[in-house]
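Q: Input structure: my_file-v5.tsv, which contains TSV, C-alpha atoms.
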chain	number	residue	atom	x	y	z
A	1	MET	CA	140.54	11.70	290.45
A	2	THR	CA	142.29	12.92	293.62
A	3	ILE	CA	142.37	10.68	296.63
A	4	ASP	CA	141.28	12.24	299.90
A	5	PRO	CA	144.24	11.72	302.26
A	6	ASP	CA	141.82	11.35	305.17
A	7	ALA	CA	139.67	8.62	303.62
A	8	ASP	CA	141.67	5.70	304.97
A	9	LEU	CA	141.98	7.22	308.45
A	10	LEU	CA	138.25	7.88	308.50
A	11	ALA	CA	137.38	4.32	307.52
A	12	ARG	CA	139.64	2.97	310.24
A	13	ALA	CA	138.32	5.41	312.84
A	14	GLY	CA	134.82	4.33	311.82
A	15	ARG	CA	135.81	0.78	312.74
A	16	GLY	CA	136.87	2.04	316.17
A	17	GLU	CA	140.67	2.22	315.71
A	18	HIS	CA	142.13	4.51	318.33
A	19	ALA	CA	145.33	5.19	316.37
A	20	ALA	CA	143.38	6.38	313.32
A	21	ALA	CA	141.24	8.67	315.48
A	22	ALA	CA	144.36	10.11	317.10
A	23	ALA	CA	145.94	10.68	313.68
A	24	LEU	CA	142.83	12.46	312.40
A	25	MET	CA	142.78	14.61	315.49
A	26	ALA	CA	146.47	15.50	315.10
A	27	ARG	CA	145.92	16.44	311.46
A	28	HIS	CA	142.92	18.69	311.95
A	29	LEU	CA	142.67	19.85	315.55
A	30	PRO	CA	145.12	22.80	315.29
A	31	ARG	CA	143.41	24.35	312.29
A	32	MET	CA	139.91	23.71	313.64
A	33	LEU	CA	140.95	25.34	316.90
A	34	ALA	CA	142.43	28.34	315.10
A	35	LEU	CA	139.18	28.76	313.17
A	36	ALA	CA	137.04	28.46	316.32
A	37	ARG	CA	139.24	30.79	318.39
A	38	ARG	CA	139.08	33.50	315.72
A	39	MET	CA	135.35	33.08	315.27
A	40	LEU	CA	134.48	33.05	318.97
A	41	SER	CA	137.30	35.08	320.54
A	42	ASP	CA	136.95	32.92	323.64
A	43	PRO	CA	139.43	30.07	324.11
A	44	ALA	CA	137.21	27.99	326.39
A	45	GLU	CA	134.19	28.32	324.13
A	46	ALA	CA	136.35	27.57	321.09
A	47	ASP	CA	137.56	24.37	322.77
A	48	ASP	CA	133.93	23.35	323.37
A	49	ALA	CA	132.95	24.11	319.77
A	50	VAL	CA	135.85	22.03	318.44
A	51	GLN	CA	134.97	19.20	320.80
A	52	ASP	CA	131.36	19.30	319.52
A	53	ALA	CA	132.63	19.19	315.94
A	54	PHE	CA	134.74	16.13	316.73
A	55	VAL	CA	131.75	14.37	318.33
A	56	GLN	CA	129.91	14.89	315.04
A	57	LEU	CA	132.94	13.55	313.19
A	58	TRP	CA	133.17	10.40	315.35
A	59	THR	CA	129.43	9.81	314.95
A	60	HIS	CA	129.63	10.04	311.15
A	61	ALA	CA	133.06	8.50	310.54
A	62	ALA	CA	131.74	5.01	309.79
A	63	ARG	CA	129.14	6.38	307.39
A	64	TRP	CA	131.53	8.59	305.44
A	65	GLU	CA	131.40	7.88	301.73
A	66	PRO	CA	134.65	8.80	299.99
A	67	GLY	CA	134.28	10.85	296.83
A	68	ARG	CA	131.09	12.65	297.81
A	69	ALA	CA	132.86	15.61	299.39
A	70	LYS	CA	136.33	16.51	300.55
A	71	PHE	CA	136.58	15.54	304.19
A	72	SER	CA	138.43	18.65	305.37
A	73	THR	CA	135.84	20.88	303.67
A	74	TRP	CA	133.05	19.06	305.50
A	75	LEU	CA	134.93	19.20	308.80
A	76	TYR	CA	135.61	22.95	308.63
A	77	ARG	CA	131.99	23.56	307.71
A	78	VAL	CA	130.89	21.58	310.76
A	79	THR	CA	133.31	23.57	312.94
A	80	LEU	CA	132.08	26.84	311.49
A	81	ASN	CA	128.46	25.86	312.09
A	82	LYS	CA	129.25	24.97	315.72
A	83	CYS	CA	130.77	28.45	316.06
A	84	TYR	CA	127.73	30.10	314.45
A	85	ASP	CA	125.45	28.19	316.86
A	86	ARG	CA	127.38	29.54	319.80
A	87	LEU	CA	127.48	33.08	318.39
A	88	ARG	CA	123.68	32.98	317.94
A	89	ARG	CA	123.19	31.90	321.54
A	90	ARG	CA	125.18	34.83	322.92
A	91	PRO	CA	122.89	37.35	324.57
A	92	THR	CA	125.02	40.40	323.76
A	93	ALA	CA	127.85	41.24	321.40
A	94	PRO	CA	130.93	40.56	323.49
A	95	LEU	CA	133.26	41.24	320.59
A	96	GLU	CA	133.51	44.86	321.70
A	97	ALA	CA	134.89	43.60	324.98
A	98	ALA	CA	137.56	41.70	323.07
A	99	ALA	CA	138.57	44.94	321.43
A	100	ASP	CA	138.92	46.62	324.84
A	101	VAL	CA	141.67	44.20	325.80
A	102	VAL	CA	144.04	45.86	323.35
A	103	ASP	CA	146.68	48.12	324.77
A	104	PRO	CA	148.10	50.24	321.95
A	105	ALA	CA	150.82	51.73	324.16
A	106	PRO	CA	154.27	50.79	322.86
A	107	ALA	CA	155.93	48.19	325.06
A	108	ALA	CA	159.64	48.35	325.77
A	109	ASP	CA	160.12	44.65	325.67
A	110	ALA	CA	160.02	43.08	322.19
A	111	THR	CA	158.00	40.09	323.35
A	112	LEU	CA	155.46	42.28	324.98
A	113	GLN	CA	155.36	44.47	321.89
A	114	ASN	CA	154.76	41.45	319.67
A	115	ALA	CA	152.04	40.30	322.02
A	116	ALA	CA	150.44	43.74	321.89
A	117	ILE	CA	150.53	43.79	318.09
A	118	SER	CA	149.12	40.30	317.96
A	119	ALA	CA	146.34	41.31	320.33
A	120	GLN	CA	145.48	44.32	318.16
A	121	ILE	CA	145.30	42.13	315.07
A	122	GLU	CA	143.12	39.64	316.92
A	123	ALA	CA	140.87	42.45	318.10
A	124	ALA	CA	140.57	43.88	314.59
A	125	LEU	CA	139.69	40.42	313.29
A	126	ALA	CA	137.19	39.91	316.10
A	127	GLU	CA	135.39	43.12	315.20
A	128	LEU	CA	134.76	42.00	311.63
A	129	PRO	CA	131.31	40.65	310.77
A	130	GLU	CA	131.40	36.89	311.29
A	131	ARG	CA	131.28	35.87	307.64
A	132	GLN	CA	134.09	38.25	306.68
A	133	ARG	CA	136.10	36.94	309.62
A	134	ALA	CA	135.46	33.35	308.55
A	135	ALA	CA	136.46	34.15	304.96
A	136	ILE	CA	139.77	35.71	306.05
A	137	GLN	CA	140.43	32.89	308.50
A	138	LEU	CA	139.84	30.22	305.87
A	139	CYS	CA	141.75	31.88	303.04
A	140	HIS	CA	144.61	33.50	304.93
A	141	TYR	CA	145.20	31.24	307.92
A	142	GLN	CA	143.89	27.86	306.80
A	143	GLY	CA	145.33	28.19	303.31
A	144	CYS	CA	142.05	27.22	301.64
A	145	GLY	CA	141.59	28.12	297.99
A	146	ASN	CA	138.66	30.35	297.08
A	147	ILE	CA	136.58	27.46	295.77
A	148	GLU	CA	137.02	25.38	298.92
A	149	ALA	CA	136.46	28.36	301.22
A	150	ALA	CA	133.29	29.26	299.32
A	151	GLU	CA	132.09	25.67	299.68
A	152	ILE	CA	132.76	25.68	303.42
A	153	LEU	CA	130.90	28.97	303.85
A	154	GLY	CA	128.09	27.85	301.57
A	155	VAL	CA	128.40	30.87	299.27
A	156	SER	CA	129.43	31.45	295.65
A	157	VAL	CA	133.06	32.19	294.82
A	158	GLU	CA	132.05	35.74	293.86
A	159	ALA	CA	130.36	36.25	297.23
A	160	LEU	CA	133.45	34.91	298.97
A	161	GLU	CA	135.68	37.31	297.05
A	162	SER	CA	133.39	40.15	298.07
A	163	LEU	CA	133.54	39.07	301.73
A	164	LEU	CA	137.33	38.90	301.54
A	165	ALA	CA	137.62	42.30	299.87
A	166	ARG	CA	135.36	43.99	302.40
A	167	GLY	CA	137.08	42.27	305.32
A	168	ARG	CA	140.53	43.22	304.12
A	169	ARG	CA	139.46	46.81	303.47
A	170	THR	CA	138.17	47.09	307.03
A	171	LEU	CA	141.34	45.55	308.43
A	172	ARG	CA	143.53	47.90	306.41
A	173	GLY	CA	141.68	50.81	307.97
A	174	LYS	CA	141.79	49.45	311.52
A	175	LEU	CA	145.42	48.41	311.42
A	176	ARG	CA	146.86	51.38	309.56
A	177	HIS	CA	148.61	52.61	312.72
A	178	LEU	CA	150.72	49.42	312.56
A	179	LYS	CA	151.99	50.21	309.08
A	180	ASP	CA	155.56	50.84	310.19
A	181	VAL	CA	155.78	47.97	312.66
B	1	MET	CA	144.48	54.49	298.23
B	2	ASP	CA	145.34	56.69	301.21
B	3	VAL	CA	149.14	56.95	301.66
B	4	ASN	CA	148.71	55.96	305.30
B	5	GLU	CA	146.68	52.90	304.46
B	6	LEU	CA	148.21	49.46	304.42
B	7	ASP	CA	148.78	47.75	301.11
B	8	ASP	CA	147.88	44.09	300.61
B	9	ALA	CA	151.38	42.78	301.29
B	10	ALA	CA	151.68	44.78	304.52
B	11	LEU	CA	148.30	43.52	305.69
B	12	ASP	CA	149.35	39.93	304.95
B	13	ARG	CA	152.54	40.44	306.97
B	14	LEU	CA	150.54	41.83	309.88
B	15	LEU	CA	148.01	39.00	309.75
B	16	ASP	CA	150.90	36.54	309.88
B	17	GLN	CA	152.00	38.08	313.17
B	18	ALA	CA	148.81	37.03	314.90
B	19	GLU	CA	149.49	34.17	317.24
B	20	HIS	CA	148.67	30.60	316.30
B	21	PRO	CA	146.68	28.83	318.98
B	22	VAL	CA	148.00	25.54	320.33
B	23	ALA	CA	145.62	22.81	321.42
B	24	SER	CA	145.88	21.91	325.09
B	25	SER	CA	146.46	18.29	326.04
B	26	ALA	CA	143.21	18.49	328.06
B	27	LEU	CA	141.28	19.21	324.86
B	28	GLU	CA	143.02	16.33	323.07
B	29	ARG	CA	142.07	14.00	325.92
B	30	ARG	CA	138.45	15.20	325.79
B	31	VAL	CA	138.27	14.65	322.03
B	32	LEU	CA	139.67	11.12	322.27
B	33	ALA	CA	137.43	10.31	325.24
B	34	ASP	CA	134.46	11.31	323.06
B	35	PHE	CA	135.73	8.96	320.35
B	36	HIS	CA	135.66	6.01	322.76
B	37	ARG	CA	132.29	7.04	324.20
B	38	VAL	CA	130.72	7.28	320.73
B	39	ASN	CA	132.23	3.94	319.73
B	40	ALA	CA	130.98	2.23	322.86
B	41	ARG	CA	127.42	3.33	322.09
B	42	TRP	CA	125.32	0.45	320.80
B	43	SER	CA	123.05	1.06	317.88
B	44	PHE	CA	121.13	-1.06	315.42
B	45	LEU	CA	122.79	0.78	312.54
B	46	LYS	CA	126.26	0.09	313.87
B	47	LEU	CA	125.45	-3.60	314.32
B	48	ALA	CA	124.01	-3.75	310.80
B	49	ARG	CA	127.13	-2.04	309.47
B	50	ARG	CA	129.39	-4.56	311.22
B	51	ILE	CA	127.41	-7.47	309.83
B	52	GLY	CA	127.48	-5.82	306.40
B	53	ASP	CA	131.25	-5.33	306.65
B	54	ALA	CA	131.72	-8.97	307.56
B	55	ILE	CA	129.63	-10.22	304.65
B	56	TRP	CA	130.48	-7.60	302.05
B	57	PRO	CA	133.60	-5.75	303.18
B	58	ASP	CA	134.89	-2.38	301.98
B	59	THR	CA	131.86	-1.35	299.97
B	60	PRO	CA	129.50	1.58	300.29
B	61	ALA	CA	126.25	0.77	302.07
B	62	TRP	CA	124.10	1.07	298.93
B	63	GLN	CA	125.62	-2.08	297.37
B	64	PRO	CA	124.48	-4.66	299.95
B	65	VAL	CA	121.22	-2.73	300.40
B	66	GLY	CA	120.68	-2.77	296.62
B	67	ALA	CA	121.48	-6.48	296.40
B	68	LEU	CA	119.04	-7.19	299.22
B	69	ALA	CA	116.33	-5.12	297.51
B	70	VAL	CA	116.83	-6.97	294.20
B	71	ALA	CA	116.70	-10.32	296.01
B	72	LEU	CA	113.50	-9.21	297.74
B	73	LEU	CA	111.92	-8.22	294.40
B	74	ILE	CA	112.85	-11.56	292.84
B	75	GLY	CA	111.44	-13.37	295.87
B	76	LEU	CA	108.20	-11.42	295.69
B	77	GLY	CA	107.97	-12.10	291.94
B	78	VAL	CA	108.36	-15.83	292.51
B	79	ALA	CA	105.87	-15.73	295.35
B	80	VAL	CA	103.29	-13.96	293.19
B	81	PHE	CA	103.62	-16.04	290.00
B	82	ALA	CA	104.93	-19.48	291.03
B	83	PRO	CA	102.03	-20.61	293.32
B	84	LEU	CA	99.62	-20.63	290.33
B	85	ASP	CA	101.79	-23.15	288.49
B	86	ILE	CA	102.19	-25.29	291.56
B	87	ALA	CA	98.44	-25.29	292.16
B	88	GLN	CA	97.76	-26.30	288.57
B	89	GLN	CA	100.32	-29.10	288.82
B	90	GLU	CA	98.78	-30.32	292.07
B	91	ASP	CA	95.26	-30.41	290.45
B	92	ALA	CA	96.51	-32.35	287.44
B	93	THR	CA	98.26	-34.91	289.67
B	94	ALA	CA	95.16	-35.30	291.80
B	95	ASN	CA	93.04	-36.05	288.69
B	96	VAL	CA	95.43	-38.77	287.52
B	97	PHE	CA	95.35	-40.41	290.93
B	98	ALA	CA	91.55	-40.18	290.97
B	99	LEU	CA	91.29	-41.95	287.61
B	100	ASP	CA	93.78	-44.65	288.60
B	101	GLY	CA	92.00	-45.46	291.85
B	102	SER	CA	88.35	-45.37	290.75
B	103	PRO	CA	86.50	-48.73	291.10
B	104	ASP	CA	83.76	-47.65	288.69
B	105	VAL	CA	86.00	-47.38	285.70
B	106	ASP	CA	85.29	-50.05	283.11
B	107	ALA	CA	88.28	-50.59	280.91
B	108	GLY	CA	86.18	-52.51	278.43
B	109	GLN	CA	87.61	-55.90	279.26
B	110	GLY	CA	84.31	-57.22	280.66
B	111	ILE	CA	85.97	-59.03	283.52
Written as structure tokens, how would this file's structure read?

A:
Amino acid sequence: MTIDPDADLLARAGRGEHAAAAALMARHLPRMLALARRMLSDPAEADDAVQDAFVQLWTHAARWEPGRAKFSTWLYRVTLNKCYDRLRRRPTAPLEAAADVVDPAPAADATLQNAAISAQIEAALAELPERQRAAIQLCHYQGCGNIEAAEILGVSVEALESLLARGRRTLRGKLRHLKDV
Amino acid sequence: MDVNELDDAALDRLLDQAEHPVASSALERRVLADFHRVNARWSFLKLARRIGDAIWPDTPAWQPVGALAVALLIGLGVAVFAPLDIAQQEDATANVFALDGSPDVDAGQGI
């Protein structure tokens, strides 16, 4: 049986230990934020979604029962659900606006060029349907295995593989002009 | 595959070039402030959990709850079945006292 590395920190945070809460935050905040930023394409809204997810974590920390589920899987699912809630509440589809930010013109300065490439990749990711985006975020950026990613998304492994394949196919098409970069 | 299309390795390389967001210190402060706010909130459950931890530390909640439920069942069982025995005992004792104290009883000694 594998031991969840977060179990001890969670138990201590549940008892109100500040240091344990800070350690949990340091371990998971960057990846939760990356997930939320990619899902929402809005830094401020992503911050709010992550904060909401942490409130849920603090509320449930004392009640966490080790062995029932992997903590990080649960936490990313909570974060993803907070993002979905916010996406549902949006009146229009602002993802097109995110795509407009991209400037494909080649920049002379390398830093600017890297920033432009990065922005184009972000825009291409932002234009993907949300579940495909989440699948790519979890598997490529968070380093989740297919089984864990499928569990977080609440789909079968086959469905996850299909989401990944479709997402990657779309990205290959959208980013083909960057082939020689 | 189209010759102009990216292969898997090239797509992975491109995806790796996307920037990695860094959490602001303001967000970290907000998250930790929430931790203290949630912990300061009083609730019956939290109080029960603290009492449970003091009596039966480091166990999942179902163990003390299960023990309490078993104790309750035993208590109810005793309450349902034991009073009959006690009542019968009380009646028998009362009869003995009644016989001992009766002035009309003639023990056959003719006194």

Q: Counting only C-alpha atoms, which of B:Ala23, B:Leu72, B:Ala33, B:Arg13 gets nearest to chain A?

A: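 Residue with the minimum atom-to-atom distance to chain A: B:Ala23.
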
Q: Please check the contacts: residues of chain B at most 12 Å away from chain A, using all atoms listed in the file, listed as a ChimeraX atom specification.

A: /B:1-43,45-50,53-54,57-62

Q: Let's have the selection written as an mmCIF file, keeping the file's coordinate frame, with C-alpha atoms.

A:
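Saved the output as again-v6.cif:
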data_model
loop_
_atom_site.group_PDB
_atom_site.id
_atom_site.type_symbol
_atom_site.label_atom_id
_atom_site.label_comp_id
_atom_site.auth_asym_id
_atom_site.auth_seq_id
_atom_site.Cartn_x
_atom_site.Cartn_y
_atom_site.Cartn_z
ATOM 1 C CA MET B 1 144.480 54.490 298.230
ATOM 2 C CA ASP B 2 145.340 56.690 301.210
ATOM 3 C CA VAL B 3 149.140 56.950 301.660
ATOM 4 C CA ASN B 4 148.710 55.960 305.300
ATOM 5 C CA GLU B 5 146.680 52.900 304.460
ATOM 6 C CA LEU B 6 148.210 49.460 304.420
ATOM 7 C CA ASP B 7 148.780 47.750 301.110
ATOM 8 C CA ASP B 8 147.880 44.090 300.610
ATOM 9 C CA ALA B 9 151.380 42.780 301.290
ATOM 10 C CA ALA B 10 151.680 44.780 304.520
ATOM 11 C CA LEU B 11 148.300 43.520 305.690
ATOM 12 C CA ASP B 12 149.350 39.930 304.950
ATOM 13 C CA ARG B 13 152.540 40.440 306.970
ATOM 14 C CA LEU B 14 150.540 41.830 309.880
ATOM 15 C CA LEU B 15 148.010 39.000 309.750
ATOM 16 C CA ASP B 16 150.900 36.540 309.880
ATOM 17 C CA GLN B 17 152.000 38.080 313.170
ATOM 18 C CA ALA B 18 148.810 37.030 314.900
ATOM 19 C CA GLU B 19 149.490 34.170 317.240
ATOM 20 C CA HIS B 20 148.670 30.600 316.300
ATOM 21 C CA PRO B 21 146.680 28.830 318.980
ATOM 22 C CA VAL B 22 148.000 25.540 320.330
ATOM 23 C CA ALA B 23 145.620 22.810 321.420
ATOM 24 C CA SER B 24 145.880 21.910 325.090
ATOM 25 C CA SER B 25 146.460 18.290 326.040
ATOM 26 C CA ALA B 26 143.210 18.490 328.060
ATOM 27 C CA LEU B 27 141.280 19.210 324.860
ATOM 28 C CA GLU B 28 143.020 16.330 323.070
ATOM 29 C CA ARG B 29 142.070 14.000 325.920
ATOM 30 C CA ARG B 30 138.450 15.200 325.790
ATOM 31 C CA VAL B 31 138.270 14.650 322.030
ATOM 32 C CA LEU B 32 139.670 11.120 322.270
ATOM 33 C CA ALA B 33 137.430 10.310 325.240
ATOM 34 C CA ASP B 34 134.460 11.310 323.060
ATOM 35 C CA PHE B 35 135.730 8.960 320.350
ATOM 36 C CA HIS B 36 135.660 6.010 322.760
ATOM 37 C CA ARG B 37 132.290 7.040 324.200
ATOM 38 C CA VAL B 38 130.720 7.280 320.730
ATOM 39 C CA ASN B 39 132.230 3.940 319.730
ATOM 40 C CA ALA B 40 130.980 2.230 322.860
ATOM 41 C CA ARG B 41 127.420 3.330 322.090
ATOM 42 C CA TRP B 42 125.320 0.450 320.800
ATOM 43 C CA SER B 43 123.050 1.060 317.880
ATOM 44 C CA LEU B 45 122.790 0.780 312.540
ATOM 45 C CA LYS B 46 126.260 0.090 313.870
ATOM 46 C CA LEU B 47 125.450 -3.600 314.320
ATOM 47 C CA ALA B 48 124.010 -3.750 310.800
ATOM 48 C CA ARG B 49 127.130 -2.040 309.470
ATOM 49 C CA ARG B 50 129.390 -4.560 311.220
ATOM 50 C CA ASP B 53 131.250 -5.330 306.650
ATOM 51 C CA ALA B 54 131.720 -8.970 307.560
ATOM 52 C CA PRO B 57 133.600 -5.750 303.180
ATOM 53 C CA ASP B 58 134.890 -2.380 301.980
ATOM 54 C CA THR B 59 131.860 -1.350 299.970
ATOM 55 C CA PRO B 60 129.500 1.580 300.290
ATOM 56 C CA ALA B 61 126.250 0.770 302.070
ATOM 57 C CA TRP B 62 124.100 1.070 298.930
#

Q: How many Å lie between atom CA of A:Pro129 and atom CA of A:Leu153, rounded to one decimal?

A: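 So the two atoms, atom CA of A:Pro129 and atom CA of A:Leu153, lie 13.6 Å apart.
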
Q: With distances taken over only C-alpha atoms, which residue among A:Cys139, A:Ala165, A:Val155, A:Ala23 lies nearest A:Asp8?

A: A:Ala23

Q: Of the candidates A:Ala150, A:Leu164, A:Ala134, A:Val157, which one gets nearest to A:Thr73 if we count all atoms listed in the file?

A: A:Ala150

Q: To one decimal place in Å, what is the distance between atom CA of A:His60 and atom CA of A:Ser72?

A: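 Between atom CA of A:His60 and atom CA of A:Ser72 the gap is 13.6 Å.
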
Q: Enter the distance from atom CA of A:Leu87 to atom CA of A:Ala123, in Å, rounded to one decimal.

A: 16.3 Å

Q: Kindly provide, as lines of an AutoDock Vina configuration file, the centre and edge lengths (Å, one decimal) of an axis-aligned box around all atoms of stretch 80-93 of chain A given in the file, with 4 Å on each side.

A:
center_x = 127.5
center_y = 33.1
center_z = 318.0
size_x = 17.2
size_y = 24.3
size_z = 21.1

Q: If we count only C-alpha atoms and set the cut-off at 8 Å, which residues sit around A:Leu163, ignoring sequence neighbours fewer than 4 positions away in its own chain? Please answer as a PyMOL selection string.

A: chain A and resi 131-132+135+159+167

Q: Compare A:Met39, A:Arg27, A:Cys144, A:Pro5 by their minimum atom-to-atom distance to A:Arg88, counting all atoms listed in the file, and give me the closest one.

A: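 Distance minimum relative to A:Arg88 lands on A:Met39.
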